[in-house]
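Q: What follows is upload-v7.cif; its format and atoms are mmCIF, N, CA and C atoms.
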data_structure
loop_
_atom_site.label_atom_id
_atom_site.label_comp_id
_atom_site.auth_asym_id
_atom_site.auth_seq_id
_atom_site.Cartn_x
_atom_site.Cartn_y
_atom_site.Cartn_z
N MET A 1 27.30 -0.07 2.20
CA MET A 1 26.14 -0.32 1.38
C MET A 1 26.12 0.70 0.24
N ASN A 2 25.99 0.22 -0.98
CA ASN A 2 25.98 1.14 -2.11
C ASN A 2 24.56 1.41 -2.60
N LEU A 3 24.43 2.37 -3.50
CA LEU A 3 23.11 2.79 -3.97
C LEU A 3 22.39 1.71 -4.77
N THR A 4 23.13 0.82 -5.40
CA THR A 4 22.47 -0.23 -6.18
C THR A 4 21.68 -1.17 -5.29
N ARG A 5 22.03 -1.26 -4.01
CA ARG A 5 21.27 -2.10 -3.09
C ARG A 5 20.13 -1.32 -2.44
N ILE A 6 20.28 -0.01 -2.30
CA ILE A 6 19.25 0.80 -1.64
C ILE A 6 18.14 1.19 -2.62
N PHE A 7 18.48 1.46 -3.87
CA PHE A 7 17.50 1.96 -4.84
C PHE A 7 16.28 1.05 -4.99
N PRO A 8 16.45 -0.28 -5.17
CA PRO A 8 15.25 -1.11 -5.31
C PRO A 8 14.34 -1.08 -4.09
N ILE A 9 14.93 -0.98 -2.91
CA ILE A 9 14.12 -0.91 -1.69
C ILE A 9 13.35 0.40 -1.65
N LEU A 10 13.99 1.51 -1.97
CA LEU A 10 13.31 2.81 -1.98
C LEU A 10 12.24 2.86 -3.06
N LEU A 11 12.50 2.25 -4.20
CA LEU A 11 11.52 2.19 -5.27
C LEU A 11 10.29 1.39 -4.81
N LEU A 12 10.53 0.25 -4.19
CA LEU A 12 9.42 -0.57 -3.69
C LEU A 12 8.61 0.19 -2.65
N LEU A 13 9.29 0.86 -1.73
CA LEU A 13 8.58 1.63 -0.71
C LEU A 13 7.75 2.76 -1.32
N SER A 14 8.29 3.43 -2.32
CA SER A 14 7.53 4.51 -2.96
C SER A 14 6.30 3.96 -3.68
N VAL A 15 6.43 2.79 -4.29
CA VAL A 15 5.27 2.16 -4.94
C VAL A 15 4.22 1.78 -3.88
N GLU A 16 4.68 1.25 -2.76
CA GLU A 16 3.74 0.85 -1.71
C GLU A 16 3.01 2.04 -1.11
N TYR A 17 3.74 3.10 -0.77
CA TYR A 17 3.10 4.28 -0.21
C TYR A 17 2.16 4.92 -1.22
N SER A 18 2.56 4.97 -2.48
CA SER A 18 1.70 5.53 -3.53
C SER A 18 0.47 4.66 -3.74
N GLY A 19 0.66 3.35 -3.68
CA GLY A 19 -0.48 2.43 -3.85
C GLY A 19 -1.53 2.62 -2.78
N VAL A 20 -1.11 2.80 -1.54
CA VAL A 20 -2.07 3.05 -0.46
C VAL A 20 -2.78 4.38 -0.68
N PHE A 21 -2.04 5.41 -1.09
CA PHE A 21 -2.64 6.71 -1.36
C PHE A 21 -3.69 6.60 -2.47
N ILE A 22 -3.35 5.91 -3.55
CA ILE A 22 -4.28 5.74 -4.67
C ILE A 22 -5.51 4.95 -4.23
N ALA A 23 -5.32 3.93 -3.40
CA ALA A 23 -6.46 3.14 -2.92
C ALA A 23 -7.40 3.99 -2.08
N VAL A 24 -6.87 4.85 -1.22
CA VAL A 24 -7.71 5.72 -0.40
C VAL A 24 -8.45 6.73 -1.28
N ILE A 25 -7.76 7.28 -2.26
CA ILE A 25 -8.41 8.23 -3.18
C ILE A 25 -9.50 7.53 -3.98
N ALA A 26 -9.23 6.30 -4.43
CA ALA A 26 -10.25 5.54 -5.17
C ALA A 26 -11.47 5.29 -4.29
N ASP A 27 -11.25 4.98 -3.02
CA ASP A 27 -12.36 4.78 -2.09
C ASP A 27 -13.14 6.07 -1.90
N LEU A 28 -12.44 7.20 -1.80
CA LEU A 28 -13.09 8.50 -1.65
C LEU A 28 -13.95 8.81 -2.87
N VAL A 29 -13.38 8.63 -4.06
CA VAL A 29 -14.12 8.91 -5.29
C VAL A 29 -15.34 7.99 -5.41
N SER A 30 -15.14 6.72 -5.07
CA SER A 30 -16.25 5.78 -5.11
C SER A 30 -17.35 6.19 -4.14
N GLY A 31 -16.96 6.59 -2.92
CA GLY A 31 -17.94 7.04 -1.94
C GLY A 31 -18.69 8.28 -2.39
N LEU A 32 -17.96 9.23 -3.00
CA LEU A 32 -18.60 10.45 -3.50
C LEU A 32 -19.61 10.13 -4.60
N ARG A 33 -19.24 9.23 -5.50
CA ARG A 33 -20.17 8.86 -6.59
C ARG A 33 -21.41 8.17 -6.04
N LYS A 34 -21.21 7.27 -5.08
CA LYS A 34 -22.35 6.56 -4.51
C LYS A 34 -23.27 7.51 -3.77
N SER A 35 -22.70 8.48 -3.03
CA SER A 35 -23.55 9.42 -2.30
C SER A 35 -24.30 10.34 -3.26
N ARG A 36 -23.65 10.74 -4.34
CA ARG A 36 -24.34 11.58 -5.34
C ARG A 36 -25.48 10.82 -6.00
N SER A 37 -25.24 9.52 -6.28
CA SER A 37 -26.30 8.75 -6.92
C SER A 37 -27.50 8.57 -5.99
N ARG A 38 -27.27 8.64 -4.68
CA ARG A 38 -28.37 8.55 -3.71
C ARG A 38 -28.95 9.92 -3.39
N GLY A 39 -28.38 10.98 -3.96
CA GLY A 39 -28.87 12.33 -3.73
C GLY A 39 -28.38 12.96 -2.44
N GLU A 40 -27.34 12.40 -1.83
CA GLU A 40 -26.81 12.95 -0.58
C GLU A 40 -25.78 14.03 -0.90
N LYS A 41 -25.64 14.97 0.04
CA LYS A 41 -24.67 16.04 -0.14
C LYS A 41 -23.31 15.61 0.40
N CYS A 42 -22.26 16.17 -0.21
CA CYS A 42 -20.90 15.94 0.26
C CYS A 42 -20.64 16.87 1.44
N THR A 43 -20.21 16.30 2.56
CA THR A 43 -19.97 17.11 3.76
C THR A 43 -18.49 17.16 4.09
N SER A 44 -18.10 18.20 4.80
CA SER A 44 -16.70 18.31 5.20
C SER A 44 -16.36 17.21 6.21
N TRP A 45 -17.34 16.74 6.97
CA TRP A 45 -17.12 15.66 7.93
C TRP A 45 -16.68 14.38 7.21
N GLY A 46 -17.34 14.08 6.11
CA GLY A 46 -16.97 12.89 5.34
C GLY A 46 -15.58 13.01 4.73
N LEU A 47 -15.26 14.20 4.24
CA LEU A 47 -13.92 14.41 3.67
C LEU A 47 -12.84 14.34 4.75
N ARG A 48 -13.15 14.88 5.94
CA ARG A 48 -12.19 14.79 7.06
C ARG A 48 -11.94 13.34 7.44
N ARG A 49 -12.96 12.51 7.36
CA ARG A 49 -12.78 11.08 7.67
C ARG A 49 -11.78 10.45 6.71
N SER A 50 -11.84 10.81 5.44
CA SER A 50 -10.89 10.26 4.46
C SER A 50 -9.47 10.72 4.76
N VAL A 51 -9.31 12.00 5.12
CA VAL A 51 -7.98 12.50 5.47
C VAL A 51 -7.47 11.81 6.73
N ASP A 52 -8.34 11.65 7.72
CA ASP A 52 -7.97 10.97 8.95
C ASP A 52 -7.55 9.52 8.67
N LYS A 53 -8.30 8.86 7.80
CA LYS A 53 -7.97 7.48 7.45
C LYS A 53 -6.60 7.41 6.79
N LEU A 54 -6.33 8.32 5.86
CA LEU A 54 -5.04 8.33 5.18
C LEU A 54 -3.90 8.57 6.18
N LEU A 55 -4.11 9.50 7.11
CA LEU A 55 -3.07 9.76 8.11
C LEU A 55 -2.84 8.54 9.00
N ARG A 56 -3.91 7.86 9.41
CA ARG A 56 -3.74 6.65 10.22
C ARG A 56 -3.02 5.56 9.44
N TYR A 57 -3.36 5.40 8.16
CA TYR A 57 -2.69 4.40 7.33
C TYR A 57 -1.20 4.71 7.20
N TYR A 58 -0.88 5.98 6.93
CA TYR A 58 0.53 6.34 6.78
C TYR A 58 1.30 6.22 8.09
N LEU A 59 0.65 6.51 9.20
CA LEU A 59 1.30 6.33 10.49
C LEU A 59 1.65 4.85 10.69
N ALA A 60 0.73 3.96 10.35
CA ALA A 60 0.99 2.52 10.46
C ALA A 60 2.12 2.11 9.51
N LEU A 61 2.09 2.60 8.27
CA LEU A 61 3.15 2.25 7.31
C LEU A 61 4.51 2.77 7.75
N ILE A 62 4.55 3.97 8.30
CA ILE A 62 5.83 4.52 8.77
C ILE A 62 6.38 3.68 9.91
N ALA A 63 5.50 3.28 10.82
CA ALA A 63 5.94 2.42 11.93
C ALA A 63 6.49 1.09 11.40
N LEU A 64 5.78 0.50 10.44
CA LEU A 64 6.26 -0.76 9.85
C LEU A 64 7.58 -0.56 9.12
N SER A 65 7.70 0.57 8.43
CA SER A 65 8.95 0.86 7.70
C SER A 65 10.12 1.03 8.66
N LEU A 66 9.88 1.67 9.80
CA LEU A 66 10.96 1.83 10.78
C LEU A 66 11.43 0.48 11.31
N VAL A 67 10.49 -0.40 11.60
CA VAL A 67 10.87 -1.74 12.05
C VAL A 67 11.62 -2.47 10.94
N ASP A 68 11.14 -2.34 9.69
CA ASP A 68 11.84 -2.95 8.56
C ASP A 68 13.26 -2.42 8.43
N PHE A 69 13.43 -1.10 8.56
CA PHE A 69 14.78 -0.52 8.42
C PHE A 69 15.71 -1.03 9.51
N MET A 70 15.18 -1.16 10.73
CA MET A 70 16.01 -1.72 11.80
C MET A 70 16.40 -3.17 11.50
N ALA A 71 15.43 -3.94 11.01
CA ALA A 71 15.71 -5.34 10.67
C ALA A 71 16.71 -5.42 9.51
N ILE A 72 16.54 -4.59 8.50
CA ILE A 72 17.45 -4.60 7.35
C ILE A 72 18.86 -4.23 7.80
N ALA A 73 18.98 -3.22 8.67
CA ALA A 73 20.30 -2.84 9.18
C ALA A 73 20.94 -4.00 9.94
N ALA A 74 20.14 -4.70 10.73
CA ALA A 74 20.67 -5.86 11.46
C ALA A 74 21.09 -6.96 10.49
N PHE A 75 20.29 -7.21 9.46
CA PHE A 75 20.64 -8.24 8.47
C PHE A 75 21.95 -7.89 7.77
N ILE A 76 22.12 -6.61 7.44
CA ILE A 76 23.35 -6.18 6.75
C ILE A 76 24.55 -6.39 7.67
N LEU A 77 24.42 -5.98 8.93
CA LEU A 77 25.52 -6.16 9.87
C LEU A 77 25.84 -7.64 10.09
N LEU A 78 24.82 -8.47 10.18
CA LEU A 78 25.05 -9.90 10.35
C LEU A 78 25.72 -10.50 9.12
N ARG A 79 25.26 -10.08 7.95
CA ARG A 79 25.84 -10.62 6.72
C ARG A 79 27.29 -10.17 6.56
N ASP A 80 27.56 -8.90 6.87
CA ASP A 80 28.92 -8.40 6.75
C ASP A 80 29.87 -9.07 7.73
N SER A 81 29.32 -9.54 8.85
CA SER A 81 30.17 -10.26 9.81
C SER A 81 30.31 -11.73 9.43
N GLY A 82 29.57 -12.15 8.39
CA GLY A 82 29.68 -13.53 7.92
C GLY A 82 28.76 -14.50 8.64
N SER A 83 27.88 -13.99 9.49
CA SER A 83 27.01 -14.87 10.28
C SER A 83 25.80 -15.38 9.51
N VAL A 84 25.06 -14.47 8.92
CA VAL A 84 23.79 -14.83 8.29
C VAL A 84 23.68 -14.13 6.94
N ALA A 85 23.01 -14.79 6.00
CA ALA A 85 22.78 -14.18 4.69
C ALA A 85 21.27 -14.07 4.46
N ILE A 86 20.65 -13.01 4.98
CA ILE A 86 19.23 -12.77 4.82
C ILE A 86 19.06 -11.56 3.90
N PRO A 87 18.15 -11.64 2.92
CA PRO A 87 18.00 -10.50 1.99
C PRO A 87 17.42 -9.27 2.69
N GLU A 88 17.86 -8.10 2.23
CA GLU A 88 17.33 -6.84 2.76
C GLU A 88 16.06 -6.52 2.00
N PHE A 89 14.93 -6.76 2.64
CA PHE A 89 13.64 -6.56 2.00
C PHE A 89 12.64 -6.07 3.05
N PRO A 90 11.87 -5.03 2.78
CA PRO A 90 10.92 -4.51 3.77
C PRO A 90 9.64 -5.36 3.85
N PHE A 91 9.74 -6.52 4.47
CA PHE A 91 8.63 -7.46 4.54
C PHE A 91 7.39 -6.87 5.20
N LEU A 92 7.57 -6.24 6.36
CA LEU A 92 6.42 -5.73 7.10
C LEU A 92 5.71 -4.61 6.36
N THR A 93 6.47 -3.70 5.77
CA THR A 93 5.86 -2.59 5.03
C THR A 93 5.10 -3.12 3.81
N THR A 94 5.69 -4.08 3.11
CA THR A 94 5.02 -4.67 1.95
C THR A 94 3.71 -5.32 2.35
N PHE A 95 3.75 -6.13 3.41
CA PHE A 95 2.54 -6.79 3.89
C PHE A 95 1.51 -5.76 4.35
N GLY A 96 1.96 -4.73 5.06
CA GLY A 96 1.04 -3.70 5.53
C GLY A 96 0.40 -2.92 4.39
N ALA A 97 1.20 -2.55 3.39
CA ALA A 97 0.66 -1.79 2.25
C ALA A 97 -0.35 -2.63 1.47
N LEU A 98 -0.03 -3.90 1.25
CA LEU A 98 -0.99 -4.77 0.55
C LEU A 98 -2.27 -4.92 1.36
N SER A 99 -2.16 -5.08 2.66
CA SER A 99 -3.34 -5.23 3.51
C SER A 99 -4.21 -3.98 3.46
N LEU A 100 -3.59 -2.80 3.58
CA LEU A 100 -4.36 -1.56 3.55
C LEU A 100 -5.02 -1.34 2.20
N ALA A 101 -4.31 -1.64 1.12
CA ALA A 101 -4.90 -1.48 -0.22
C ALA A 101 -6.08 -2.44 -0.40
N LEU A 102 -5.94 -3.67 0.09
CA LEU A 102 -7.05 -4.63 -0.02
C LEU A 102 -8.25 -4.21 0.83
N ILE A 103 -7.99 -3.59 1.97
CA ILE A 103 -9.09 -3.05 2.79
C ILE A 103 -9.86 -2.00 1.99
N GLU A 104 -9.12 -1.15 1.27
CA GLU A 104 -9.78 -0.12 0.46
C GLU A 104 -10.56 -0.72 -0.69
N VAL A 105 -10.02 -1.77 -1.31
CA VAL A 105 -10.76 -2.45 -2.39
C VAL A 105 -12.06 -3.02 -1.83
N LYS A 106 -11.98 -3.63 -0.66
CA LYS A 106 -13.19 -4.16 -0.01
C LYS A 106 -14.17 -3.03 0.30
N SER A 107 -13.65 -1.90 0.76
CA SER A 107 -14.50 -0.76 1.08
C SER A 107 -15.20 -0.24 -0.16
N ILE A 108 -14.49 -0.21 -1.26
CA ILE A 108 -15.09 0.26 -2.52
C ILE A 108 -16.23 -0.68 -2.93
N CYS A 109 -16.03 -1.96 -2.72
CA CYS A 109 -17.02 -2.95 -3.16
C CYS A 109 -18.17 -3.12 -2.18
N GLU A 110 -18.00 -2.69 -0.94
CA GLU A 110 -19.09 -2.78 0.04
C GLU A 110 -20.19 -1.81 -0.34
N LYS A 111 -21.37 -2.10 0.13
CA LYS A 111 -22.52 -1.21 -0.05
C LYS A 111 -22.80 -0.92 -1.52
N SER A 112 -22.28 -1.77 -2.38
CA SER A 112 -22.52 -1.58 -3.80
C SER A 112 -23.61 -2.54 -4.24
N GLU A 113 -24.61 -2.00 -4.89
CA GLU A 113 -25.72 -2.85 -5.29
C GLU A 113 -25.32 -3.82 -6.41
N ASP A 114 -24.49 -3.35 -7.33
CA ASP A 114 -24.09 -4.25 -8.41
C ASP A 114 -22.71 -4.82 -8.11
N LYS A 115 -22.50 -6.07 -8.41
CA LYS A 115 -21.25 -6.76 -8.13
C LYS A 115 -20.19 -6.49 -9.20
N GLY A 116 -20.48 -5.66 -10.16
CA GLY A 116 -19.52 -5.31 -11.20
C GLY A 116 -18.30 -4.61 -10.63
N ASP A 117 -18.49 -3.82 -9.55
CA ASP A 117 -17.36 -3.14 -8.92
C ASP A 117 -16.33 -4.13 -8.42
N LEU A 118 -16.80 -5.22 -7.80
CA LEU A 118 -15.88 -6.24 -7.27
C LEU A 118 -15.12 -6.92 -8.41
N ARG A 119 -15.81 -7.25 -9.47
CA ARG A 119 -15.14 -7.89 -10.62
C ARG A 119 -14.12 -6.96 -11.25
N ARG A 120 -14.47 -5.68 -11.39
CA ARG A 120 -13.53 -4.71 -11.97
C ARG A 120 -12.31 -4.54 -11.07
N ALA A 121 -12.52 -4.44 -9.76
CA ALA A 121 -11.41 -4.27 -8.83
C ALA A 121 -10.50 -5.50 -8.85
N ALA A 122 -11.09 -6.69 -8.86
CA ALA A 122 -10.30 -7.93 -8.91
C ALA A 122 -9.52 -8.00 -10.22
N GLY A 123 -10.15 -7.61 -11.32
CA GLY A 123 -9.46 -7.61 -12.61
C GLY A 123 -8.32 -6.61 -12.65
N MET A 124 -8.54 -5.43 -12.05
CA MET A 124 -7.50 -4.41 -12.00
C MET A 124 -6.31 -4.89 -11.16
N LEU A 125 -6.59 -5.51 -10.00
CA LEU A 125 -5.53 -6.03 -9.14
C LEU A 125 -4.77 -7.14 -9.86
N SER A 126 -5.48 -8.01 -10.53
CA SER A 126 -4.83 -9.09 -11.27
C SER A 126 -3.94 -8.53 -12.38
N ASP A 127 -4.43 -7.51 -13.08
CA ASP A 127 -3.65 -6.88 -14.14
C ASP A 127 -2.38 -6.24 -13.58
N LEU A 128 -2.50 -5.54 -12.44
CA LEU A 128 -1.33 -4.91 -11.83
C LEU A 128 -0.30 -5.94 -11.41
N LEU A 129 -0.76 -7.04 -10.80
CA LEU A 129 0.17 -8.07 -10.35
C LEU A 129 0.85 -8.77 -11.52
N SER A 130 0.16 -8.89 -12.64
CA SER A 130 0.76 -9.55 -13.79
C SER A 130 1.83 -8.69 -14.46
N ARG A 131 1.84 -7.39 -14.17
CA ARG A 131 2.82 -6.48 -14.77
C ARG A 131 4.14 -6.42 -14.00
N ILE A 132 4.19 -7.03 -12.81
CA ILE A 132 5.43 -7.05 -12.05
C ILE A 132 6.41 -7.98 -12.76
N PRO A 133 7.61 -7.49 -13.08
CA PRO A 133 8.58 -8.32 -13.78
C PRO A 133 8.88 -9.59 -12.98
N ALA A 134 9.10 -10.69 -13.69
CA ALA A 134 9.27 -12.00 -13.06
C ALA A 134 10.39 -12.01 -12.03
N GLY A 135 11.52 -11.42 -12.32
CA GLY A 135 12.64 -11.49 -11.40
C GLY A 135 12.80 -10.28 -10.49
N PHE A 136 11.76 -9.44 -10.37
CA PHE A 136 11.89 -8.20 -9.61
C PHE A 136 12.24 -8.47 -8.15
N LEU A 137 11.51 -9.35 -7.49
CA LEU A 137 11.77 -9.60 -6.07
C LEU A 137 13.11 -10.28 -5.85
N SER A 138 13.54 -11.13 -6.79
CA SER A 138 14.82 -11.81 -6.61
C SER A 138 15.98 -10.84 -6.76
N ARG A 139 15.77 -9.73 -7.49
CA ARG A 139 16.84 -8.74 -7.64
C ARG A 139 17.06 -7.91 -6.39
N LEU A 140 16.12 -7.96 -5.45
CA LEU A 140 16.25 -7.18 -4.22
C LEU A 140 17.23 -7.81 -3.24
N LYS A 141 17.65 -9.01 -3.49
CA LYS A 141 18.58 -9.70 -2.56
C LYS A 141 19.94 -9.10 -2.56
#
I'd like the structure from this file rewritten - as C-alpha cells, please.
A:
Amino acid sequence: MNLTRIFPILLLLSVEYSGVFIAVIADLVSGLRKSRSRGEKCTSWGLRRSVDKLLRYYLALIALSLVDFMAIAAFILLRDSGSVAIPEFPFLTTFGALSLALIEVKSICEKSEDKGDLRRAAGMLSDLLSRIPAGFLSRLK
C-alpha cells in the first residue's frame, strides 16, 4: 500500500475528528452564552461535563476507527488476492463523526427561544457540504 492511497483516508479522518471537536466547542460556547444571558454563573462542573463529553465522543470515534482499519486491511488483503474489490473507506468513523456533529447541532438549537439558531446551523451545514469537491469520495477508491 502506498501513501497515495493512505493520505486521503488520513485526511478524511482528521477532518472528521476536527469536526467533532469544533461541534463540541460550538456547543460549549453556545451554552456559555445562553447561561450568561440568563445571568447564571459558569461553573467548573459544567466545563467538566463538556470535557467528559468530548472524551466519550473521541473514545467512540477511536473504537469505530479501529474497526474501520481492520475492515480496510481485510479489504486490501482480499483485493490483493483477487477475491473482492471493495474500496478502502472508513465508513463507520464517517457515520459516527457525522452523527456526533449532528447531535451537537441539535444540542445548540435546543433550549433556544429563537429558531434563528437552527436556521443558521442548517445553513452552515449546507454550506460546508456544498464545498466538498464533487469527485472527492470517488477518489478514495
Q: Check the smallest atom-to-atom distance from each of A:Cys42, A:Ser81, A:Thr94, A:Leu128 to Leu12 in chain A using only N, CA and C atoms, then report the winner.
A: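 Distance minimum relative to Leu12 in chain A lands on A:Thr94.
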Q: Set the distance at 7 Å and use all atoms listed in the file: which residues neighbour range 17-23 of chain A once local chain neighbours fewer than 2 positions away are removed? I'd like the list as JSON, numbers by chain.
A: {"A": [12, 13, 14, 15, 25, 26, 27, 28, 97, 100, 101, 104, 105]}
Q: For atom N of Thr4 in chain A and CA of Tyr57 in chain A, determine how far apart the two atoms are, in Å to one decimal place.
A: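 Here the two named atoms are 29.0 Å from each other.
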Q: Could you list the residues chosen by the PyMOL selection byres (((chain A and resi 47 and name CA) around 12) and name CA) in this structure as a ChimeraX atom specification?
A: /A:24-25,27-29,31-32,41-46,48-54
Q: Would you mind telling me which residue in A:Arg56, A:Ile72, A:Ile108, A:Phe95 lies nearest to Lys34 in chain A when using only C-alpha atoms?
A: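 The answer is A:Ile108, which sits nearest to Lys34 in chain A.
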Q: Return the single residue from A:Val67, A:Glu40, A:Ser126, A:Leu10 that is closest to Gly96 in chain A, with distances computed using only C-alpha atoms.
A: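 Among the listed residues, A:Val67 lies closest to Gly96 in chain A.
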Q: Using only C-alpha atoms, which residue out of A:Leu125, A:Ile132, A:Ile9, A:Leu102 lies closest to Asp68 in chain A?
A: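 Once distances to Asp68 in chain A are computed over only C-alpha atoms, the minimum belongs to A:Ile9.
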Q: As a PyMOL selection string, please: all residues of chain A that backbone DSSP puts in alpha helix (DSSP H).
A: chain A and resi 3-37+44-80+91-109+116-130
Q: Report, in Å with one decimal, the straight-line distance from atom C of Phe89 in chain A to atom N of Phe69 in chain A.
A: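 It comes out at 7.5 Å.
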Q: Interatomic distance between atom N of Ser99 in chain A and CA of Pro133 in chain A?
A: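 Atom N of Ser99 in chain A sits 19.9 Å away from CA of Pro133 in chain A.
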Q: Considering only C-alpha atoms, can you say which of A:Leu66, A:Leu98, A:Phe91, A:Arg38 comes closest to Glu16 in chain A?
A: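 That would be A:Leu98, the residue with the smallest distance to Glu16 in chain A.
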